[in-house]
>>> print(open('entry-v9.json').read())   # JSON, C-alpha atoms
[["chain", "number", "residue", "atom", "x", "y", "z"],
["A", 1, "MET", "CA", 107.16, 92.98, 121.06],
["A", 2, "PRO", "CA", 107.43, 94.47, 117.55],
["A", 3, "ILE", "CA", 104.32, 95.23, 115.51],
["A", 4, "ARG", "CA", 104.31, 96.47, 111.91],
["A", 5, "ILE", "CA", 102.10, 99.51, 111.24],
["A", 6, "LEU", "CA", 100.86, 99.73, 107.65],
["A", 7, "SER", "CA", 99.13, 102.75, 106.11],
["A", 8, "ALA", "CA", 96.52, 102.84, 103.36],
["A", 9, "SER", "CA", 99.24, 103.47, 100.77],
["A", 10, "ASP", "CA", 101.18, 100.47, 102.10],
["A", 11, "VAL", "CA", 98.09, 98.28, 101.75],
["A", 12, "ARG", "CA", 97.42, 99.43, 98.20],
["A", 13, "ALA", "CA", 101.06, 98.88, 97.22],
["A", 14, "THR", "CA", 101.12, 95.33, 98.58],
["A", 15, "LEU", "CA", 97.67, 94.18, 97.42],
["A", 16, "PRO", "CA", 97.26, 94.75, 93.66],
["A", 17, "MET", "CA", 93.93, 93.61, 92.28],
["A", 18, "PRO", "CA", 95.10, 90.40, 90.51],
["A", 19, "LYS", "CA", 96.79, 89.23, 93.71],
["A", 20, "ALA", "CA", 93.69, 90.18, 95.71],
["A", 21, "ILE", "CA", 91.44, 88.16, 93.39],
["A", 22, "ASP", "CA", 93.62, 85.09, 93.87],
["A", 23, "ALA", "CA", 93.50, 85.65, 97.63],
["A", 24, "MET", "CA", 89.70, 85.83, 97.59],
["A", 25, "ARG", "CA", 89.47, 82.56, 95.66],
["A", 26, "HIS", "CA", 91.40, 80.98, 98.51],
["A", 27, "ALA", "CA", 89.30, 82.69, 101.20],
["A", 28, "TYR", "CA", 85.98, 81.66, 99.63],
["A", 29, "SER", "CA", 87.27, 78.14, 99.01],
["A", 30, "GLN", "CA", 88.28, 77.66, 102.63],
["A", 31, "LEU", "CA", 85.02, 79.15, 103.93],
["A", 32, "SER", "CA", 82.78, 76.89, 101.85],
["A", 33, "ALA", "CA", 84.92, 73.85, 102.66],
["A", 34, "GLY", "CA", 84.32, 74.46, 106.36],
["A", 35, "LYS", "CA", 88.01, 74.92, 107.07],
["A", 36, "VAL", "CA", 87.78, 78.23, 108.94],
["A", 37, "THR", "CA", 86.83, 79.55, 112.32],
["A", 38, "ALA", "CA", 84.83, 82.73, 111.77],
["A", 39, "PRO", "CA", 82.11, 83.68, 114.26],
["A", 40, "SER", "CA", 79.26, 85.85, 113.04],
["A", 41, "ARG", "CA", 80.31, 89.46, 113.11],
["A", 42, "GLN", "CA", 79.22, 91.44, 116.12],
["A", 43, "HIS", "CA", 77.25, 94.68, 115.67],
["A", 44, "LEU", "CA", 77.75, 97.37, 118.31],
["A", 45, "SER", "CA", 75.49, 100.37, 117.81],
["A", 46, "THR", "CA", 75.83, 103.86, 119.24],
["A", 47, "ASP", "CA", 73.59, 106.89, 118.78],
["A", 48, "LYS", "CA", 75.43, 107.84, 115.60],
["A", 49, "GLY", "CA", 76.42, 104.61, 113.90],
["A", 50, "VAL", "CA", 77.44, 100.98, 114.09],
["A", 51, "THR", "CA", 80.75, 99.21, 114.61],
["A", 52, "LEU", "CA", 81.31, 95.66, 113.34],
["A", 53, "ILE", "CA", 83.86, 93.26, 114.84],
["A", 54, "MET", "CA", 84.99, 90.52, 112.44],
["A", 55, "PRO", "CA", 87.49, 87.81, 113.52],
["A", 56, "ALA", "CA", 88.64, 84.87, 111.39],
["A", 57, "TYR", "CA", 91.23, 82.10, 111.53],
["A", 58, "LEU", "CA", 92.21, 79.90, 108.57],
["A", 59, "PRO", "CA", 94.58, 77.20, 109.87],
["A", 60, "GLU", "CA", 95.74, 75.83, 106.51],
["A", 61, "ARG", "CA", 97.97, 78.88, 105.93],
["A", 62, "SER", "CA", 97.91, 80.25, 109.48],
["A", 63, "GLU", "CA", 95.88, 83.32, 108.51],
["A", 64, "PHE", "CA", 94.52, 85.01, 111.63],
["A", 65, "GLY", "CA", 93.03, 88.49, 111.82],
["A", 66, "ILE", "CA", 90.41, 90.74, 113.38],
["A", 67, "LYS", "CA", 88.81, 93.68, 111.60],
["A", 68, "VAL", "CA", 86.97, 96.52, 113.31],
["A", 69, "VAL", "CA", 84.88, 98.56, 110.87],
["A", 70, "SER", "CA", 82.60, 101.50, 111.72],
["A", 71, "VAL", "CA", 79.80, 102.96, 109.60],
["A", 72, "TYR", "CA", 78.75, 106.46, 110.67],
["A", 73, "ASP", "CA", 76.48, 108.24, 108.20],
["A", 74, "ASP", "CA", 77.05, 111.73, 109.67],
["A", 75, "ASN", "CA", 80.84, 111.56, 109.39],
["A", 76, "PRO", "CA", 81.05, 113.36, 106.02],
["A", 77, "ASN", "CA", 79.56, 116.43, 107.75],
["A", 78, "LEU", "CA", 82.60, 116.31, 110.04],
["A", 79, "ASN", "CA", 85.01, 115.91, 107.10],
["A", 80, "LEU", "CA", 85.49, 112.28, 108.09],
["A", 81, "PRO", "CA", 84.88, 109.17, 105.96],
["A", 82, "ARG", "CA", 81.54, 107.42, 106.37],
["A", 83, "ILE", "CA", 83.32, 104.06, 106.75],
["A", 84, "THR", "CA", 86.56, 103.53, 108.68],
["A", 85, "ALA", "CA", 88.30, 100.27, 109.46],
["A", 86, "THR", "CA", 91.45, 98.77, 110.93],
["A", 87, "VAL", "CA", 92.79, 95.22, 110.85],
["A", 88, "LEU", "CA", 94.93, 93.47, 113.45],
["A", 89, "VAL", "CA", 96.96, 90.46, 112.30],
["A", 90, "LEU", "CA", 97.79, 87.92, 115.02],
["A", 91, "ASP", "CA", 100.27, 85.06, 115.24],
["A", 92, "PRO", "CA", 98.11, 81.93, 115.73],
["A", 93, "ALA", "CA", 101.00, 80.16, 117.49],
["A", 94, "THR", "CA", 101.37, 82.77, 120.24],
["A", 95, "GLY", "CA", 98.38, 85.12, 119.98],
["A", 96, "SER", "CA", 100.82, 88.01, 119.68],
["A", 97, "PRO", "CA", 99.98, 90.93, 117.36],
["A", 98, "LYS", "CA", 102.08, 90.99, 114.20],
["A", 99, "ALA", "CA", 100.64, 93.93, 112.26],
["A", 100, "PHE", "CA", 98.11, 96.73, 112.50],
["A", 101, "MET", "CA", 96.94, 98.14, 109.18],
["A", 102, "ASP", "CA", 94.46, 100.43, 107.53],
["A", 103, "GLY", "CA", 91.32, 98.40, 106.99],
["A", 104, "THR", "CA", 89.41, 100.87, 104.85],
["A", 105, "SER", "CA", 91.66, 100.42, 101.82],
["A", 106, "LEU", "CA", 91.93, 96.68, 102.50],
["A", 107, "THR", "CA", 88.13, 96.35, 102.66],
["A", 108, "ALA", "CA", 87.70, 98.21, 99.38],
["A", 109, "ILE", "CA", 90.22, 96.02, 97.58],
["A", 110, "ARG", "CA", 89.11, 92.68, 99.02],
["A", 111, "THR", "CA", 85.41, 93.44, 98.39],
["A", 112, "GLY", "CA", 86.18, 94.47, 94.83],
["A", 113, "ALA", "CA", 88.27, 91.34, 94.38],
["A", 114, "GLY", "CA", 85.37, 89.20, 95.64],
["A", 115, "GLY", "CA", 83.25, 90.69, 92.89],
["A", 116, "GLY", "CA", 86.08, 89.90, 90.48],
["A", 117, "VAL", "CA", 85.99, 86.23, 91.47],
["A", 118, "ALA", "CA", 82.23, 86.18, 90.94],
["A", 119, "ALA", "CA", 82.49, 87.88, 87.54],
["A", 120, "ASP", "CA", 85.17, 85.45, 86.44],
["A", 121, "LEU", "CA", 83.02, 82.45, 87.38],
["A", 122, "LEU", "CA", 79.57, 83.77, 86.47],
["A", 123, "ALA", "CA", 79.79, 86.45, 83.76],
["A", 124, "ARG", "CA", 79.83, 85.48, 80.10],
["A", 125, "LYS", "CA", 83.31, 85.12, 78.67],
["A", 126, "ASP", "CA", 82.54, 87.73, 76.01],
["A", 127, "ALA", "CA", 81.19, 90.32, 78.48],
["A", 128, "LYS", "CA", 82.29, 93.80, 77.41],
["A", 129, "THR", "CA", 79.76, 96.30, 78.78],
["A", 130, "VAL", "CA", 79.37, 97.16, 82.47],
["A", 131, "GLY", "CA", 76.41, 98.97, 84.00],
["A", 132, "LEU", "CA", 77.73, 100.68, 87.13],
["A", 133, "PHE", "CA", 75.56, 102.09, 89.92],
["A", 134, "GLY", "CA", 77.64, 104.23, 92.26],
["A", 135, "ALA", "CA", 80.78, 106.34, 92.02],
["A", 136, "GLY", "CA", 82.39, 105.78, 95.40],
["A", 137, "VAL", "CA", 85.37, 103.75, 96.55],
["A", 138, "GLN", "CA", 83.63, 100.41, 96.13],
["A", 139, "ALA", "CA", 82.32, 101.24, 92.66],
["A", 140, "ARG", "CA", 85.92, 101.87, 91.59],
["A", 141, "ALA", "CA", 87.17, 98.66, 93.17],
["A", 142, "GLN", "CA", 84.43, 96.52, 91.67],
["A", 143, "LEU", "CA", 85.06, 97.92, 88.21],
["A", 144, "GLN", "CA", 88.82, 97.42, 88.52],
["A", 145, "ALA", "CA", 88.25, 93.81, 89.54],
["A", 146, "VAL", "CA", 85.90, 93.12, 86.63],
["A", 147, "MET", "CA", 88.43, 94.67, 84.27],
["A", 148, "ALA", "CA", 91.04, 92.25, 85.65],
["A", 149, "VAL", "CA", 88.98, 89.23, 84.51],
["A", 150, "ARG", "CA", 87.13, 90.50, 81.41],
["A", 151, "ASP", "CA", 87.98, 92.76, 78.46],
["A", 152, "ILE", "CA", 85.64, 95.63, 79.27],
["A", 153, "ALA", "CA", 85.12, 98.16, 76.47],
["A", 154, "CYS", "CA", 82.25, 100.28, 77.80],
["A", 155, "VAL", "CA", 80.88, 101.45, 81.15],
["A", 156, "ASN", "CA", 77.43, 102.99, 81.56],
["A", 157, "LEU", "CA", 77.55, 104.90, 84.83],
["A", 158, "VAL", "CA", 75.02, 106.56, 87.09],
["A", 159, "SER", "CA", 75.52, 108.01, 90.55],
["A", 160, "ARG", "CA", 73.49, 109.89, 93.13],
["A", 161, "THR", "CA", 75.10, 113.14, 92.00],
["A", 162, "GLN", "CA", 76.27, 114.14, 88.55],
["A", 163, "ALA", "CA", 79.47, 115.58, 90.01],
["A", 164, "SER", "CA", 80.56, 112.26, 91.50],
["A", 165, "ALA", "CA", 79.78, 110.47, 88.25],
["A", 166, "GLN", "CA", 81.80, 112.99, 86.27],
["A", 167, "GLN", "CA", 84.70, 112.69, 88.70],
["A", 168, "LEU", "CA", 84.79, 108.90, 88.41],
["A", 169, "ALA", "CA", 84.48, 109.04, 84.63],
["A", 170, "ALA", "CA", 87.48, 111.37, 84.48],
["A", 171, "GLU", "CA", 89.45, 109.05, 86.76],
["A", 172, "ILE", "CA", 88.63, 105.96, 84.70],
["A", 173, "SER", "CA", 89.82, 107.71, 81.55],
["A", 174, "GLU", "CA", 93.33, 107.75, 83.06],
["A", 175, "TRP", "CA", 93.42, 104.00, 83.75],
["A", 176, "ILE", "CA", 95.44, 101.60, 81.62],
["A", 177, "ASP", "CA", 93.22, 100.10, 78.88],
["A", 178, "ALA", "CA", 90.47, 102.50, 79.94],
["A", 179, "PRO", "CA", 86.97, 101.64, 78.68],
["A", 180, "GLU", "CA", 84.62, 104.21, 77.19],
["A", 181, "VAL", "CA", 82.48, 105.74, 79.94],
["A", 182, "ASN", "CA", 78.96, 107.00, 79.33],
["A", 183, "LEU", "CA", 77.07, 108.97, 81.95],
["A", 184, "ALA", "CA", 73.67, 107.32, 81.75],
["A", 185, "PRO", "CA", 70.60, 109.56, 82.16],
["A", 186, "THR", "CA", 68.39, 106.82, 83.63],
["A", 187, "PRO", "CA", 68.76, 103.46, 85.38],
["A", 188, "GLN", "CA", 67.23, 101.81, 82.32],
["A", 189, "GLU", "CA", 70.11, 103.13, 80.21],
["A", 190, "VAL", "CA", 72.58, 101.63, 82.69],
["A", 191, "VAL", "CA", 71.26, 98.07, 82.51],
["A", 192, "LYS", "CA", 69.56, 97.56, 79.17],
["A", 193, "ASP", "CA", 72.76, 96.76, 77.23],
["A", 194, "ALA", "CA", 74.92, 95.66, 80.16],
["A", 195, "ASP", "CA", 76.63, 92.28, 80.25],
["A", 196, "ILE", "CA", 77.61, 92.90, 83.88],
["A", 197, "VAL", "CA", 75.71, 95.11, 86.33],
["A", 198, "ILE", "CA", 77.45, 96.33, 89.48],
["A", 199, "CYS", "CA", 75.48, 97.78, 92.39],
["A", 200, "ALA", "CA", 77.77, 99.58, 94.84],
["A", 201, "THR", "CA", 75.65, 102.22, 96.54],
["A", 202, "THR", "CA", 74.15, 103.10, 99.91],
["A", 203, "SER", "CA", 70.63, 103.04, 98.49],
["A", 204, "SER", "CA", 67.91, 101.46, 100.65],
["A", 205, "ILE", "CA", 65.57, 100.89, 97.69],
["A", 206, "PRO", "CA", 66.05, 99.06, 94.35],
["A", 207, "LEU", "CA", 68.16, 100.89, 91.81],
["A", 208, "PHE", "CA", 66.57, 99.59, 88.60],
["A", 209, "ASP", "CA", 63.68, 97.61, 87.15],
["A", 210, "GLY", "CA", 64.66, 93.97, 86.74],
["A", 211, "ASN", "CA", 62.53, 93.76, 83.59],
["A", 212, "ASP", "CA", 65.17, 95.89, 81.84],
["A", 213, "LEU", "CA", 67.92, 93.28, 82.24],
["A", 214, "GLN", "CA", 68.92, 91.45, 79.08],
["A", 215, "LEU", "CA", 69.36, 87.68, 79.02],
["A", 216, "GLY", "CA", 72.87, 86.60, 79.93],
["A", 217, "THR", "CA", 73.51, 89.45, 82.37],
["A", 218, "HIS", "CA", 75.53, 88.94, 85.52],
["A", 219, "ILE", "CA", 74.72, 91.18, 88.51],
["A", 220, "THR", "CA", 76.92, 91.82, 91.54],
["A", 221, "ALA", "CA", 75.41, 93.66, 94.52],
["A", 222, "VAL", "CA", 77.65, 94.74, 97.40],
["A", 223, "GLY", "CA", 76.20, 97.97, 98.76],
["A", 224, "THR", "CA", 73.76, 96.85, 101.45],
["A", 225, "PHE", "CA", 74.27, 94.60, 104.47],
["A", 226, "VAL", "CA", 71.11, 95.00, 106.57],
["A", 227, "PRO", "CA", 67.83, 93.05, 106.22],
["A", 228, "GLU", "CA", 65.61, 96.05, 105.53],
["A", 229, "LYS", "CA", 67.61, 97.52, 102.62],
["A", 230, "ARG", "CA", 68.16, 96.29, 99.09],
["A", 231, "GLU", "CA", 69.69, 97.50, 95.83],
["A", 232, "VAL", "CA", 67.87, 95.08, 93.52],
["A", 233, "ASP", "CA", 64.16, 94.45, 93.16],
["A", 234, "THR", "CA", 62.15, 91.26, 93.45],
["A", 235, "THR", "CA", 61.88, 91.02, 89.65],
["A", 236, "THR", "CA", 65.66, 90.77, 89.36],
["A", 237, "ILE", "CA", 65.75, 87.99, 91.95],
["A", 238, "ARG", "CA", 62.88, 86.13, 90.29],
["A", 239, "ARG", "CA", 64.52, 86.40, 86.85],
["A", 240, "ALA", "CA", 67.91, 85.22, 88.10],
["A", 241, "ASN", "CA", 68.61, 81.61, 87.13],
["A", 242, "ARG", "CA", 71.39, 81.33, 89.70],
["A", 243, "ILE", "CA", 71.65, 83.17, 93.04],
["A", 244, "ILE", "CA", 75.16, 82.96, 94.47],
["A", 245, "VAL", "CA", 76.39, 84.38, 97.79],
["A", 246, "ASP", "CA", 79.65, 84.80, 99.65],
["A", 247, "SER", "CA", 78.19, 83.17, 102.77],
["A", 248, "ARG", "CA", 74.78, 81.55, 103.19],
["A", 249, "GLU", "CA", 74.76, 82.20, 106.92],
["A", 250, "ALA", "CA", 75.73, 85.86, 106.62],
["A", 251, "CYS", "CA", 73.40, 86.63, 103.71],
["A", 252, "LEU", "CA", 70.40, 84.97, 105.36],
["A", 253, "GLU", "CA", 70.99, 87.25, 108.35],
["A", 254, "GLU", "CA", 71.90, 90.51, 106.58],
["A", 255, "ALA", "CA", 71.11, 90.62, 102.85],
["A", 256, "GLY", "CA", 67.86, 92.50, 102.31],
["A", 257, "ASP", "CA", 68.26, 91.85, 98.57],
["A", 258, "LEU", "CA", 67.54, 88.18, 99.35],
["A", 259, "ILE", "CA", 65.58, 88.34, 102.61],
["A", 260, "ILE", "CA", 62.83, 90.69, 101.39],
["A", 261, "PRO", "CA", 61.87, 88.57, 98.34],
["A", 262, "ASN", "CA", 62.50, 85.31, 100.25],
["A", 263, "ALA", "CA", 65.04, 84.22, 97.64],
["A", 264, "GLN", "CA", 66.42, 80.70, 97.37],
["A", 265, "ILE", "CA", 70.23, 80.58, 97.38],
["A", 266, "ASP", "CA", 71.74, 78.19, 94.83],
["A", 267, "ALA", "CA", 75.36, 78.18, 96.00],
["A", 268, "GLU", "CA", 78.17, 79.92, 97.80],
["A", 269, "ILE", "CA", 80.84, 81.26, 95.50],
["A", 270, "GLY", "CA", 83.37, 79.07, 97.32],
["A", 271, "GLU", "CA", 81.38, 75.96, 96.36],
["A", 272, "ILE", "CA", 81.86, 76.94, 92.71],
["A", 273, "VAL", "CA", 85.56, 77.62, 93.28],
["A", 274, "ASN", "CA", 85.87, 74.16, 94.85],
["A", 275, "GLY", "CA", 83.99, 72.47, 92.01],
["A", 276, "ASP", "CA", 81.15, 71.36, 94.26],
["A", 277, "LYS", "CA", 78.58, 73.50, 92.42],
["A", 278, "GLN", "CA", 78.43, 74.74, 88.84],
["A", 279, "GLY", "CA", 78.89, 78.33, 87.74],
["A", 280, "ARG", "CA", 77.30, 79.78, 84.62],
["A", 281, "GLN", "CA", 75.78, 77.01, 82.49],
["A", 282, "SER", "CA", 74.62, 78.96, 79.42],
["A", 283, "ASP", "CA", 74.98, 82.35, 77.75],
["A", 284, "GLU", "CA", 71.28, 83.06, 78.36],
["A", 285, "GLU", "CA", 71.33, 82.68, 82.13],
["A", 286, "ILE", "CA", 70.94, 85.69, 84.41],
["A", 287, "THR", "CA", 73.25, 85.26, 87.40],
["A", 288, "PHE", "CA", 73.20, 87.20, 90.66],
["A", 289, "PHE", "CA", 75.99, 87.45, 93.24],
["A", 290, "LYS", "CA", 75.32, 88.96, 96.64],
["A", 291, "SER", "CA", 78.16, 89.81, 98.99],
["A", 292, "VAL", "CA", 77.77, 91.20, 102.49],
["A", 293, "GLY", "CA", 81.46, 90.68, 103.23],
["A", 294, "VAL", "CA", 82.96, 88.00, 105.47],
["A", 295, "ALA", "CA", 85.84, 88.09, 107.93],
["A", 296, "VAL", "CA", 87.84, 85.41, 106.10],
["A", 297, "GLN", "CA", 88.34, 87.91, 103.29],
["A", 298, "ASP", "CA", 90.01, 90.33, 105.68],
["A", 299, "ALA", "CA", 92.19, 87.72, 107.37],
["A", 300, "VAL", "CA", 93.45, 86.38, 104.04],
["A", 301, "ALA", "CA", 93.95, 89.81, 102.47],
["A", 302, "ALA", "CA", 95.77, 91.09, 105.56],
["A", 303, "SER", "CA", 98.03, 88.03, 105.52],
["A", 304, "VAL", "CA", 98.98, 88.76, 101.91],
["A", 305, "VAL", "CA", 99.63, 92.40, 102.75],
["A", 306, "LEU", "CA", 101.82, 91.51, 105.72],
["A", 307, "ALA", "CA", 103.88, 88.97, 103.77],
["A", 308, "GLU", "CA", 104.54, 91.50, 100.99],
["A", 309, "ALA", "CA", 105.28, 94.25, 103.50],
["A", 310, "GLU", "CA", 107.81, 92.06, 105.31],
["A", 311, "ALA", "CA", 109.48, 91.11, 102.03],
["A", 312, "LYS", "CA", 109.69, 94.71, 100.83],
["A", 313, "ASN", "CA", 110.14, 96.38, 104.24],
["A", 314, "PHE", "CA", 106.98, 98.45, 104.05],
["A", 315, "GLY", "CA", 105.51, 100.20, 107.07],
["A", 316, "ILE", "CA", 106.87, 101.18, 110.45],
["A", 317, "ILE", "CA", 108.00, 98.77, 113.17],
["A", 318, "VAL", "CA", 106.87, 99.77, 116.66],
["A", 319, "GLU", "CA", 107.83, 98.14, 119.96],
["A", 320, "ILE", "CA", 104.63, 98.05, 122.02],
["A", 321, "VAL", "CA", 106.16, 96.18, 124.96],
["A", 322, "GLN", "CA", 109.61, 97.11, 126.28]]
>>> encode(input="entry-v9.json", output="structure tokens")
Amino acid sequence: MPIRILSASDVRATLPMPKAIDAMRHAYSQLSAGKVTAPSRQHLSTDKGVTLIMPAYLPERSEFGIKVVSVYDDNPNLNLPRITATVLVLDPATGSPKAFMDGTSLTAIRTGAGGGVAADLLARKDAKTVGLFGAGVQARAQLQAVMAVRDIACVNLVSRTQASAQQLAAEISEWIDAPEVNLAPTPQEVVKDADIVICATTSSIPLFDGNDLQLGTHITAVGTFVPEKREVDTTTIRRANRIIVDSREACLEEAGDLIIPNAQIDAEIGEIVNGDKQGRQSDEEITFFKSVGVAVQDAVAASVVLAEAEAKNFGIIVEIVQ
């Protein structure tokens, strides 16, 4: 039984951001249309961290995958990444494994692409300035996705450490059509002129004062996925005219940004993709998108990666049964 093994570099080569954004439109559309089988993710805790198990099956295109992702906060002290993940792609006709791939890079790209879908549907068409909280892998991916759907000219950036902010700013300067990057001294400086605010941190408390948001801002928050933590304050939620989520069920269980202030969800992003709910309705609206991540994103993204890898002969074929 052959199985294709795909590394992080293989995943990145086969899942460019524009293709990933299209894939996430499909994933969200199918989820909100009720055309998927995706049980709530299972949390398995140990003394040091938590492992999440996330299966999903989308029959329309035969997308079937299981992701296992672990979050261990002490790993950096062991020279290991805080978050690690793998994805197994299965053949829905036989149940046989087809591919095993790096899930950390896939998660970063698909989560960023989800934010790209939200920005495309909810941010003002003339949005040019991004306020970015965080300088890690997800901050990069979210910014790349926003740049794929809007002409971004300026990024106001703040991170937990000045060194990480400087490193990301230097990296961004090498990108094609690189925006100007300003290292903001305060959270207020990040958001006060921002058309789009991205929150991609591990913070357990709000990152900024919602009173500092200008009218017409779109906010995407992706950093927290437990009920007791949040990146945005109650003021931000109260000021938001539209609160959009990736999954109602998942966010009502896990999104502290919404649970703590008892927020009312207006729509899933897939409902907007499908035309069942409206996106932005005026340039003055403040819109908020919360994503905790859903397994359909992984199954769809992994299916795209595998198809490209098969077409271009990426990865290594291993016989696991002889």
>>> closest_residue(input="entry-v9.json", among="A:Ile237, A:Arg242, A:Ile5, A:Leu132", to="Lys192 (chain A)", atoms="all atoms listed in the file")
A:Leu132
>>> residues_around(input="entry-v9.json", residues="Asp126 (chain A)", least_positions_apart="3", cutoff="12 Å", atoms="only C-alpha atoms", output="number ranges by chain")
A: 119-120, 122-123, 129-130, 149-153, 194-196, 216-218, 283
>>> residues_around(input="entry-v9.json", residues="region 292-306 of chain A", least_positions_apart="6", cutoff="6 Å", atoms="only C-alpha atoms", output="CSV table (one decimal) with C-alpha atoms, in the frame of the given file")
chain,number,residue,atom,x,y,z
A,14,THR,CA,101.1,95.3,98.6
A,15,LEU,CA,97.7,94.2,97.4
A,27,ALA,CA,89.3,82.7,101.2
A,54,MET,CA,85.0,90.5,112.4
A,55,PRO,CA,87.5,87.8,113.5
A,56,ALA,CA,88.6,84.9,111.4
A,63,GLU,CA,95.9,83.3,108.5
A,64,PHE,CA,94.5,85.0,111.6
A,65,GLY,CA,93.0,88.5,111.8
A,225,PHE,CA,74.3,94.6,104.5
>>> closest_residue(input="entry-v9.json", among="A:Ala221, A:Met17, A:Ala85, A:Ile260", to="Gln144 (chain A)", atoms="all atoms listed in the file")
A:Met17
>>> closest_residue(input="entry-v9.json", among="A:Val273, A:Pro179, A:Ala267, A:Gln166", to="Glu249 (chain A)", atoms="all atoms listed in the file")
A:Ala267
>>> atom_distance(input="entry-v9.json", atom1="CA of Cys251 (chain A)", atom2="CA of Lys290 (chain A)")
7.7 Å
>>> residues_around(input="entry-v9.json", residues="Asn262 (chain A)", least_positions_apart="6", cutoff="12 Å", atoms="all atoms listed in the file", output="list of chain:residue names")
A:Pro227, A:Asp233, A:Thr234, A:Ile237, A:Arg238, A:Ile243, A:Cys251, A:Leu252, A:Glu253, A:Ala255, A:Gly256
>>> residues_around(input="entry-v9.json", residues="region 71-83 of chain A", least_positions_apart="3", cutoff="9 Å", atoms="only C-alpha atoms", output="PyMOL selection string")
chain A and resi 48-52+104
>>> atom_distance(input="entry-v9.json", atom1="CA of Ile21 (chain A)", atom2="CA of Ser159 (chain A)")
25.6 Å
>>> closest_atom_pairs(input="entry-v9.json", of="region 19-118 of chain A", to="region 139-142 of chain A", cutoff="8 Å", atoms="all atoms listed in the file", output="Markdown table")
| residue | atom | partner | partner_atom | distance |
| --- | --- | --- | --- | --- |
| A:Ala108 | CA | A:Ala141 | CA | 6.2 |
| A:Ile109 | CA | A:Ala141 | CA | 6.0 |
| A:Thr111 | CA | A:Gln142 | CA | 7.5 |
| A:Gly112 | CA | A:Gln142 | CA | 4.2 |
| A:Ala113 | CA | A:Gln142 | CA | 7.0 |
| A:Gly115 | CA | A:Gln142 | CA | 6.1 |
| A:Gly116 | CA | A:Gln142 | CA | 6.9 |
>>> write_last_selection(input="entry-v9.json", atoms="C-alpha atoms", output="PDB file, in the coordinates of the input")
ATOM      1  CA  ALA A 108      87.700  98.210  99.380  1.00  0.00           C
ATOM      2  CA  ILE A 109      90.220  96.020  97.580  1.00  0.00           C
ATOM      3  CA  THR A 111      85.410  93.440  98.390  1.00  0.00           C
ATOM      4  CA  GLY A 112      86.180  94.470  94.830  1.00  0.00           C
ATOM      5  CA  ALA A 113      88.270  91.340  94.380  1.00  0.00           C
ATOM      6  CA  GLY A 115      83.250  90.690  92.890  1.00  0.00           C
ATOM      7  CA  GLY A 116      86.080  89.900  90.480  1.00  0.00           C
TER       8      GLY A 116
END
>>> closest_residue(input="entry-v9.json", among="A:Arg280, A:His43, A:Arg25, A:Arg230", to="Ile259 (chain A)", atoms="all atoms listed in the file")
A:Arg230
>>> closest_residue(input="entry-v9.json", among="A:Gln162, A:Thr236, A:Gly270, A:Leu157", to="Ile198 (chain A)", atoms="all atoms listed in the file")
A:Leu157
>>> closest_residue(input="entry-v9.json", among="A:Leu58, A:Val318, A:Ala23, A:Leu258", to="Phe288 (chain A)", atoms="only C-alpha atoms")
A:Leu258
>>> residues_around(input="entry-v9.json", residues="Asp102 (chain A)", least_positions_apart="3", cutoff="10 Å", atoms="all atoms listed in the file", output="count of residues only")
18
>>> atom_distance(input="entry-v9.json", atom1="CA of Tyr57 (chain A)", atom2="CA of Pro92 (chain A)")
8.1 Å
>>> build_atoms(input="entry-v9.json", residues="region 300-309 of chain A", atoms="N, CA and C atoms", output="PDB file, keeping the file's coordinate frame")
ATOM      1  N   VAL A 300      92.605  86.817 105.154  1.00  0.00           N
ATOM      2  CA  VAL A 300      93.450  86.380 104.040  1.00  0.00           C
ATOM      3  C   VAL A 300      94.135  87.574 103.382  1.00  0.00           C
ATOM      4  N   ALA A 301      93.364  88.628 103.106  1.00  0.00           N
ATOM      5  CA  ALA A 301      93.950  89.810 102.470  1.00  0.00           C
ATOM      6  C   ALA A 301      95.037  90.424 103.345  1.00  0.00           C
ATOM      7  N   ALA A 302      94.784  90.513 104.643  1.00  0.00           N
ATOM      8  CA  ALA A 302      95.770  91.090 105.560  1.00  0.00           C
ATOM      9  C   ALA A 302      97.024  90.240 105.623  1.00  0.00           C
ATOM     10  N   SER A 303      96.875  88.915 105.532  1.00  0.00           N
ATOM     11  CA  SER A 303      98.030  88.030 105.520  1.00  0.00           C
ATOM     12  C   SER A 303      98.892  88.262 104.288  1.00  0.00           C
ATOM     13  N   VAL A 304      98.250  88.462 103.150  1.00  0.00           N
ATOM     14  CA  VAL A 304      98.980  88.760 101.910  1.00  0.00           C
ATOM     15  C   VAL A 304      99.714  90.093 102.041  1.00  0.00           C
ATOM     16  N   VAL A 305      99.024  91.088 102.565  1.00  0.00           N
ATOM     17  CA  VAL A 305      99.630  92.400 102.750  1.00  0.00           C
ATOM     18  C   VAL A 305     100.852  92.313 103.658  1.00  0.00           C
ATOM     19  N   LEU A 306     100.712  91.612 104.771  1.00  0.00           N
ATOM     20  CA  LEU A 306     101.820  91.510 105.720  1.00  0.00           C
ATOM     21  C   LEU A 306     103.021  90.792 105.108  1.00  0.00           C
ATOM     22  N   ALA A 307     102.779  89.703 104.390  1.00  0.00           N
ATOM     23  CA  ALA A 307     103.880  88.970 103.770  1.00  0.00           C
ATOM     24  C   ALA A 307     104.640  89.850 102.772  1.00  0.00           C
ATOM     25  N   GLU A 308     103.906  90.597 101.960  1.00  0.00           N
ATOM     26  CA  GLU A 308     104.540  91.500 100.990  1.00  0.00           C
ATOM     27  C   GLU A 308     105.270  92.630 101.705  1.00  0.00           C
ATOM     28  N   ALA A 309     104.657  93.154 102.758  1.00  0.00           N
ATOM     29  CA  ALA A 309     105.280  94.250 103.500  1.00  0.00           C
ATOM     30  C   ALA A 309     106.570  93.800 104.163  1.00  0.00           C
TER      31      ALA A 309
END
